[in-house]
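This report refers to the structure that appears directly beneath it.
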Amino acid sequence: MKNTKITIHFLGAAGTVTGSKYLIDTGAHQLLIDCGVFQGLKELRLKNWEYPPVDVSAIDAVLLTHGHFDHTGYLPRLVKYGFSGLVYGTNPTLDIATIILNDSAKIQEQEAARANKEGYSKHSPAEPLYGVKDVAKTISHFKEVPPSQWIPLFEGISARFQYNGHILGSTFIEMEIHEKRFVFSGDIGRTNDLLLFPPLKPEKADVLFIESTYGGRFHPDEVEAVPEIEKLVNDTINRGGSLFIPSFSVERAQLMMLILWRLLNENKIPKVPIIMNSPMGASILDLFYRTRDWHRLTTDECDEMCDHFTVVSSYQETMELRSDNKPKIVIAGSGMLTGGRMLNYLETQAQNYDNTLLFVGYQAEGTRGRKLLEGEKEVKVYGKWVPFNMEVAEIEGLSSHADHNELLGWMNEITNIPERIFIVHGEKEGAEALQLGIKETYGWDSQIPQLYDIEEL
């Protein structure tokens, strides 16, 4: 089959770190790599409600790099708009997407109901982006793929999903499209992660899409972060406060659990209640048992770690716990405070000077997390402005994203010179820093596409 042109539509995570969506149009078929929601800046979030600038019904398949919300959270909306193809991903990725999408739908439905009851929404009535029934329809499109095996998709098109660290099931995707190798990095993990194995690396890339979340930034080793956590816990508990950790419920939350469990075992922190407050927390822990090949923990370690934690799933339990002022440690979503159960705690606990809010992951521009890190003294929760007096701390060494050197190192086994390199999934400063690093390290030219750009190959 002769093919003269391939068109790339940058529908998300271009000029920003959220909303990952890249549409590859071969002329005969349209393939979407990732399908995430926009988070952070209001102008981006509003795009979640807009029909995408492509014909959704013409998309033949979606390929998922991993299960995080900013890579999967738009799937139910895509189905509502007429997508009828298959959604490909590894077993853990599809399990995580199922858990996250159901959790998101329930929270959206609850928050819409609360907004309508209390009247703080500008919309009447307030509605969720999608609901639980939409998620059920979406899951029926899921198709599991084995890692590290070439899968034929259509004539002249095949794909391979390669281990990438970051979270359980995460991969980078290689696609052969009429003898050209397209590589989509997804989110690249750390080389020395306490929970996960080092990422594999691509050996060939004619067209490379490389994330730049931490371009120009350098992480300390995760092990170096442990004494910082120990000090934060002790300082907070000793003054009578509680430590609140906004965290994505997938993998980063489990890393925090692992660290806290080890500190408890070594009697380095006091024995206070440690709470995983997430409707999907128990499901994610169960996933760790079912995915032994994807992480470093033994079954015994999983058992012992989980015995130290209280998993809170119900909304009613959350509402009771948020008014309890006894010292404790709470891990709850979302990681950037864009929603989730942590907002319930901030509504009642943000004014307490004795409490600490600890960020352990990237905070995108425009999110509550970024604003609080930058010193904002009020936080808007469920339509109300709440004074914010907590101590704020950030530990970057626990990020699940590769840093600048790790991003450059991830490319060091590519044996050819890529024809095109697109730097995506990063804010302007990070993308430009990685662009310079690629030029200095490899001598390769690259470009930084912006949202809704179209490129022809």
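Chain labels A, B, ... are given in the sequence in which chains occur in the structure tokens; within each chain residues are numbered consecutively from 1, and ligands are likewise numbered from 1 in the order shown.
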
Exercise for the section: Mind checking which residues fall within 12 Å of Leu78 (chain A), counting only C-alpha atoms, ignoring those fewer than 3 positions away in the same chain, and posting them as a PyMOL selection string? Expected result: chain A and resi 21+32+34-37+48-52+54-62+72-75+81-87+129-130+134-135+137-138+141

Exercise for the section: Excluding Asn355 (chain A) and any residue of its chain fewer than 2 positions from it, enumerate the residues within 6 Å of it, using only C-alpha atoms, and give them as a list of chain:residue names. Expected result: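 Skipping anything fewer than 2 positions along the chain leaves A:Gly241, A:Ser242, A:Leu243, A:Asn352, A:Tyr353, A:Met390.
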
Problem - Members of region 179-246 of chain A assigned helix (DSSP H, G or I) by DSSP, as a VMD selection string - result: chain A and resid 222 to 238

Problem - Residue among A:Val79, A:Ala136, A:Val424, A:Val223 lying closest to Pro449 (chain A), counting only C-alpha atoms - result: A:Val424

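DSSP annotation of region 310-339 of chain A from backbone atoms: strand (DSSP E or B) residues are Thr310, Val311, Val312, Ile329, Val330, Ile331 and Ala332 of chain A.
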
Write out the residues from the selection above, keeping N, CA and C atoms, as a JSON list (two decimals), in the first residue's frame.
[["chain", "number", "residue", "atom", "x", "y", "z"],
["A", 310, "THR", "N", -4.89, 2.32, 57.29],
["A", 310, "THR", "CA", -6.35, 2.28, 57.27],
["A", 310, "THR", "C", -6.81, 2.79, 55.91],
["A", 311, "VAL", "N", -7.51, 1.96, 55.17],
["A", 311, "VAL", "CA", -8.03, 2.38, 53.87],
["A", 311, "VAL", "C", -9.45, 2.87, 54.06],
["A", 312, "VAL", "N", -9.68, 4.13, 53.70],
["A", 312, "VAL", "CA", -11.01, 4.74, 53.81],
["A", 312, "VAL", "C", -11.57, 4.91, 52.41],
["A", 329, "ILE", "N", -1.59, 10.95, 59.68],
["A", 329, "ILE", "CA", -1.05, 11.15, 58.34],
["A", 329, "ILE", "C", -2.13, 10.71, 57.36],
["A", 330, "VAL", "N", -2.45, 11.58, 56.39],
["A", 330, "VAL", "CA", -3.51, 11.28, 55.42],
["A", 330, "VAL", "C", -2.95, 11.38, 54.01],
["A", 331, "ILE", "N", -3.11, 10.31, 53.24],
["A", 331, "ILE", "CA", -2.77, 10.31, 51.82],
["A", 331, "ILE", "C", -4.09, 10.27, 51.06],
["A", 332, "ALA", "N", -4.31, 11.26, 50.18],
["A", 332, "ALA", "CA", -5.57, 11.31, 49.43],
["A", 332, "ALA", "C", -5.36, 12.04, 48.12]]

Problem - Surrounding residues of region 302-306 of chain A excluding itself and chain neighbours under 2 positions, 9 Å, only C-alpha atoms, as a ChimeraX atom specification - result: /A:257-258,260-262,285,288-289,297-300,308-311

Practice task
Would you list the contacts of region 430-447 of chain A as a list in words, taking every protein, DNA or RNA residue within 7 Å and counting only C-alpha atoms, but skipping same-chain residues closer than 6 positions in sequence?
Solution key: Ser212, Thr213, Tyr214, Gly215, Gly216, His404, Leu408, Arg420, Ile421, Phe422 and Ile423 of chain A

Take the residues that were just selected and, keeping N, CA and C atoms, output them as a PDB file, in the first residue's frame.
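part_10.pdb, written as the output of this step:
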ATOM      1  N   SER A 212       8.610  16.204  28.360  1.00  0.00           N
ATOM      2  CA  SER A 212       9.594  17.145  28.908  1.00  0.00           C
ATOM      3  C   SER A 212       9.142  17.712  30.246  1.00  0.00           C
ATOM      4  N   THR A 213       8.367  16.937  31.004  1.00  0.00           N
ATOM      5  CA  THR A 213       7.808  17.435  32.266  1.00  0.00           C
ATOM      6  C   THR A 213       8.878  18.062  33.149  1.00  0.00           C
ATOM      7  N   TYR A 214      10.006  17.366  33.310  1.00  0.00           N
ATOM      8  CA  TYR A 214      11.088  17.862  34.157  1.00  0.00           C
ATOM      9  C   TYR A 214      12.314  18.259  33.337  1.00  0.00           C
ATOM     10  N   GLY A 215      12.104  18.702  32.111  1.00  0.00           N
ATOM     11  CA  GLY A 215      13.214  19.235  31.327  1.00  0.00           C
ATOM     12  C   GLY A 215      13.884  20.382  32.071  1.00  0.00           C
ATOM     13  N   GLY A 216      15.210  20.347  32.154  1.00  0.00           N
ATOM     14  CA  GLY A 216      15.952  21.402  32.844  1.00  0.00           C
ATOM     15  C   GLY A 216      15.942  21.298  34.350  1.00  0.00           C
ATOM     16  N   HIS A 404      15.828  15.740  33.916  1.00  0.00           N
ATOM     17  CA  HIS A 404      16.487  16.162  32.669  1.00  0.00           C
ATOM     18  C   HIS A 404      17.514  15.129  32.190  1.00  0.00           C
ATOM     19  N   LEU A 408      17.345  12.561  28.805  1.00  0.00           N
ATOM     20  CA  LEU A 408      18.395  12.472  27.787  1.00  0.00           C
ATOM     21  C   LEU A 408      18.967  11.055  27.720  1.00  0.00           C
ATOM     22  N   ARG A 420      12.330  13.425  12.694  1.00  0.00           N
ATOM     23  CA  ARG A 420      11.592  14.488  13.390  1.00  0.00           C
ATOM     24  C   ARG A 420      11.535  14.143  14.873  1.00  0.00           C
ATOM     25  N   ILE A 421      11.727  15.151  15.719  1.00  0.00           N
ATOM     26  CA  ILE A 421      11.570  15.002  17.164  1.00  0.00           C
ATOM     27  C   ILE A 421      10.611  16.077  17.642  1.00  0.00           C
ATOM     28  N   PHE A 422       9.544  15.655  18.304  1.00  0.00           N
ATOM     29  CA  PHE A 422       8.563  16.581  18.859  1.00  0.00           C
ATOM     30  C   PHE A 422       8.666  16.534  20.388  1.00  0.00           C
ATOM     31  N   ILE A 423       8.918  17.676  20.992  1.00  0.00           N
ATOM     32  CA  ILE A 423       9.014  17.767  22.453  1.00  0.00           C
ATOM     33  C   ILE A 423       7.644  18.160  22.995  1.00  0.00           C
TER      34      ILE A 423
END

Problem - For Gln110 (chain A): contacts at 10 Å, only C-alpha atoms, fewer than 5 positions along chain excluded, given as a PyMOL selection string - result: chain A and resi 104-105+115-116+127-128+315

Problem - Nearest to His295 (chain A), chosen from A:Pro92, A:Gly333, A:Pro246, A:Pro418, with only C-alpha atoms counted in the distances - result: A:Pro92

Exercise for the section: Mind giving me the straight-line distance from CA of Gly339 (chain A) to CA of Thr93 (chain A) in Å, one decimal? Expected result: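 Result for CA of Gly339 (chain A) versus CA of Thr93 (chain A): 21.5 Å, one decimal.
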
Handout entry: Counting only C-alpha atoms, the option among A:Ser148, A:Leu357, A:Ile417, A:Val386 closest to Leu373 (chain A)
Key = A:Leu357

Could you give me, as an mmCIF file with all heavy atoms, in the first residue's frame, the residues within 10 Å of Ile8 (chain A), counting only C-alpha atoms and dropping anything in the same chain fewer than 3 positions from it?
data_model
loop_
_atom_site.group_PDB
_atom_site.id
_atom_site.type_symbol
_atom_site.label_atom_id
_atom_site.label_comp_id
_atom_site.auth_asym_id
_atom_site.auth_seq_id
_atom_site.Cartn_x
_atom_site.Cartn_y
_atom_site.Cartn_z
ATOM 1 N N LEU A 11 -3.465 17.290 19.891
ATOM 2 C CA LEU A 11 -4.743 17.621 20.529
ATOM 3 C C LEU A 11 -4.627 17.835 22.032
ATOM 4 O O LEU A 11 -5.614 18.163 22.685
ATOM 5 C CB LEU A 11 -5.754 16.502 20.251
ATOM 6 C CG LEU A 11 -6.033 16.212 18.766
ATOM 7 C CD1 LEU A 11 -7.017 15.051 18.637
ATOM 8 C CD2 LEU A 11 -6.571 17.440 18.054
ATOM 9 N N TYR A 22 -2.543 12.594 20.919
ATOM 10 C CA TYR A 22 -1.852 12.813 19.642
ATOM 11 C C TYR A 22 -2.518 11.944 18.594
ATOM 12 O O TYR A 22 -2.524 10.711 18.714
ATOM 13 C CB TYR A 22 -0.363 12.460 19.765
ATOM 14 C CG TYR A 22 0.278 13.119 20.964
ATOM 15 C CD1 TYR A 22 0.616 12.365 22.090
ATOM 16 C CD2 TYR A 22 0.477 14.494 21.006
ATOM 17 C CE1 TYR A 22 1.155 12.969 23.209
ATOM 18 C CE2 TYR A 22 1.018 15.114 22.121
ATOM 19 C CZ TYR A 22 1.355 14.343 23.223
ATOM 20 O OH TYR A 22 1.887 14.944 24.341
ATOM 21 N N LEU A 23 -3.097 12.581 17.574
ATOM 22 C CA LEU A 23 -3.811 11.849 16.534
ATOM 23 C C LEU A 23 -2.909 11.671 15.318
ATOM 24 O O LEU A 23 -2.397 12.642 14.762
ATOM 25 C CB LEU A 23 -5.083 12.593 16.130
ATOM 26 C CG LEU A 23 -5.964 11.877 15.098
ATOM 27 C CD1 LEU A 23 -6.596 10.631 15.719
ATOM 28 C CD2 LEU A 23 -7.030 12.801 14.547
ATOM 29 N N ILE A 24 -2.719 10.418 14.923
ATOM 30 C CA ILE A 24 -1.921 10.092 13.749
ATOM 31 C C ILE A 24 -2.878 9.667 12.637
ATOM 32 O O ILE A 24 -3.582 8.655 12.762
ATOM 33 C CB ILE A 24 -0.925 8.946 14.046
ATOM 34 C CG1 ILE A 24 -0.137 9.227 15.327
ATOM 35 C CG2 ILE A 24 0.004 8.727 12.856
ATOM 36 C CD1 ILE A 24 0.661 10.502 15.300
ATOM 37 N N ASP A 25 -2.896 10.426 11.557
ATOM 38 C CA ASP A 25 -3.771 10.146 10.413
ATOM 39 C C ASP A 25 -2.911 9.655 9.260
ATOM 40 O O ASP A 25 -2.115 10.420 8.699
ATOM 41 C CB ASP A 25 -4.531 11.415 10.029
ATOM 42 C CG ASP A 25 -5.577 11.169 8.944
ATOM 43 O OD1 ASP A 25 -5.551 10.089 8.312
ATOM 44 O OD2 ASP A 25 -6.415 12.062 8.702
ATOM 45 N N THR A 26 -3.042 8.375 8.932
ATOM 46 C CA THR A 26 -2.226 7.795 7.859
ATOM 47 C C THR A 26 -2.878 7.944 6.492
ATOM 48 O O THR A 26 -2.314 7.531 5.481
ATOM 49 C CB THR A 26 -1.986 6.297 8.117
ATOM 50 O OG1 THR A 26 -3.214 5.581 7.943
ATOM 51 C CG2 THR A 26 -1.441 6.061 9.519
ATOM 52 N N GLN A 30 -6.947 6.382 11.382
ATOM 53 C CA GLN A 30 -6.657 7.411 12.368
ATOM 54 C C GLN A 30 -6.460 6.748 13.737
ATOM 55 O O GLN A 30 -7.328 6.010 14.205
ATOM 56 C CB GLN A 30 -7.781 8.446 12.435
ATOM 57 C CG GLN A 30 -7.929 9.247 11.148
ATOM 58 C CD GLN A 30 -8.894 10.404 11.294
ATOM 59 O OE1 GLN A 30 -9.090 10.921 12.387
ATOM 60 N NE2 GLN A 30 -9.491 10.825 10.183
ATOM 61 N N LEU A 31 -5.310 7.043 14.345
ATOM 62 C CA LEU A 31 -4.939 6.419 15.611
ATOM 63 C C LEU A 31 -4.669 7.504 16.641
ATOM 64 O O LEU A 31 -3.899 8.437 16.382
ATOM 65 C CB LEU A 31 -3.688 5.558 15.425
ATOM 66 C CG LEU A 31 -3.785 4.505 14.310
ATOM 67 C CD1 LEU A 31 -2.422 4.025 13.896
ATOM 68 C CD2 LEU A 31 -4.633 3.346 14.784
ATOM 69 N N LEU A 32 -5.285 7.375 17.819
ATOM 70 C CA LEU A 32 -5.088 8.348 18.884
ATOM 71 C C LEU A 32 -4.190 7.741 19.951
ATOM 72 O O LEU A 32 -4.483 6.672 20.495
ATOM 73 C CB LEU A 32 -6.433 8.742 19.496
ATOM 74 C CG LEU A 32 -6.412 9.886 20.516
ATOM 75 C CD1 LEU A 32 -6.006 11.196 19.847
ATOM 76 C CD2 LEU A 32 -7.778 10.036 21.185
ATOM 77 N N TYR A 452 -3.081 22.087 19.233
ATOM 78 C CA TYR A 452 -3.828 22.042 17.990
ATOM 79 C C TYR A 452 -2.972 22.284 16.743
ATOM 80 O O TYR A 452 -3.517 22.461 15.653
ATOM 81 C CB TYR A 452 -5.016 23.009 18.018
ATOM 82 C CG TYR A 452 -6.019 22.709 19.121
ATOM 83 C CD1 TYR A 452 -6.733 23.733 19.735
ATOM 84 C CD2 TYR A 452 -6.251 21.404 19.547
ATOM 85 C CE1 TYR A 452 -7.635 23.461 20.777
ATOM 86 C CE2 TYR A 452 -7.145 21.125 20.569
ATOM 87 C CZ TYR A 452 -7.830 22.147 21.167
ATOM 88 O OH TYR A 452 -8.722 21.854 22.179
ATOM 89 N N ASP A 453 -1.651 22.283 16.898
ATOM 90 C CA ASP A 453 -0.785 22.305 15.711
ATOM 91 C C ASP A 453 -1.029 21.063 14.882
ATOM 92 O O ASP A 453 -1.392 19.992 15.405
ATOM 93 C CB ASP A 453 0.695 22.358 16.112
ATOM 94 C CG ASP A 453 1.170 23.755 16.469
ATOM 95 O OD1 ASP A 453 0.348 24.682 16.393
ATOM 96 O OD2 ASP A 453 2.352 23.908 16.813
ATOM 97 N N ILE A 454 -0.787 21.180 13.570
ATOM 98 C CA ILE A 454 -0.884 20.052 12.641
ATOM 99 C C ILE A 454 0.429 19.959 11.881
ATOM 100 O O ILE A 454 0.922 20.959 11.348
ATOM 101 C CB ILE A 454 -2.055 20.207 11.666
ATOM 102 C CG1 ILE A 454 -3.382 20.260 12.436
ATOM 103 C CG2 ILE A 454 -2.070 19.073 10.638
ATOM 104 C CD1 ILE A 454 -4.579 20.588 11.559
ATOM 105 N N GLU A 455 1.015 18.767 11.870
ATOM 106 C CA GLU A 455 2.262 18.547 11.143
ATOM 107 C C GLU A 455 2.060 17.443 10.106
ATOM 108 O O GLU A 455 1.381 16.446 10.378
ATOM 109 C CB GLU A 455 3.389 18.130 12.113
ATOM 110 C CG GLU A 455 3.817 19.212 13.078
ATOM 111 C CD GLU A 455 4.685 20.273 12.433
ATOM 112 O OE1 GLU A 455 5.265 19.999 11.346
ATOM 113 O OE2 GLU A 455 4.788 21.361 13.016
ATOM 114 N N GLU A 456 2.660 17.657 8.921
ATOM 115 C CA GLU A 456 2.603 16.642 7.881
ATOM 116 C C GLU A 456 3.970 16.046 7.661
ATOM 117 O O GLU A 456 4.972 16.752 7.630
ATOM 118 C CB GLU A 456 2.056 17.227 6.579
ATOM 119 C CG GLU A 456 0.584 17.626 6.647
ATOM 120 C CD GLU A 456 0.038 18.119 5.321
ATOM 121 O OE1 GLU A 456 0.837 18.206 4.362
ATOM 122 O OE2 GLU A 456 -1.163 18.402 5.244
ATOM 123 N N LEU A 457 4.030 14.715 7.525
ATOM 124 C CA LEU A 457 5.277 14.015 7.278
ATOM 125 C C LEU A 457 5.238 13.433 5.876
ATOM 126 O O LEU A 457 4.244 12.824 5.493
ATOM 127 C CB LEU A 457 5.465 12.895 8.303
ATOM 128 C CG LEU A 457 5.345 13.276 9.782
ATOM 129 C CD1 LEU A 457 5.549 12.042 10.649
ATOM 130 C CD2 LEU A 457 6.353 14.344 10.162
#

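The shortest atom-to-atom distance to Lys326 (chain A), with only C-alpha atoms taken into account, belongs to A:Gly240 out of A:Ala14, A:Gly240, A:Met411, A:Leu168.
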
Handout entry: Nearby residues (only C-alpha atoms) at most 8 Å from Glu406 (chain A), same-chain spacing under 3 positions excluded, as a ChimeraX atom specification
Key = /A:190-191,402-403,409-410

Could those selected residues go to a file with N, CA and C atoms, as a JSON list (two decimals), in the first residue's frame?
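Heads up, here's the output in out-v9.json:
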[["chain", "number", "residue", "atom", "x", "y", "z"],
["A", 190, "ARG", "N", 11.69, 6.77, 36.54],
["A", 190, "ARG", "CA", 13.01, 7.00, 37.11],
["A", 190, "ARG", "C", 13.92, 5.78, 36.90],
["A", 191, "THR", "N", 15.21, 6.03, 36.84],
["A", 191, "THR", "CA", 16.15, 4.91, 36.67],
["A", 191, "THR", "C", 16.39, 4.16, 37.98],
["A", 402, "ALA", "N", 10.94, 11.01, 35.00],
["A", 402, "ALA", "CA", 12.37, 11.17, 34.76],
["A", 402, "ALA", "C", 12.75, 12.65, 34.81],
["A", 403, "ASP", "N", 13.95, 12.94, 35.32],
["A", 403, "ASP", "CA", 14.42, 14.32, 35.30],
["A", 403, "ASP", "C", 15.19, 14.58, 34.00],
["A", 409, "GLY", "N", 19.15, 10.43, 28.87],
["A", 409, "GLY", "CA", 19.68, 9.07, 28.91],
["A", 409, "GLY", "C", 18.75, 8.05, 28.29],
["A", 410, "TRP", "N", 17.44, 8.30, 28.37],
["A", 410, "TRP", "CA", 16.45, 7.39, 27.79],
["A", 410, "TRP", "C", 16.61, 7.26, 26.27]]
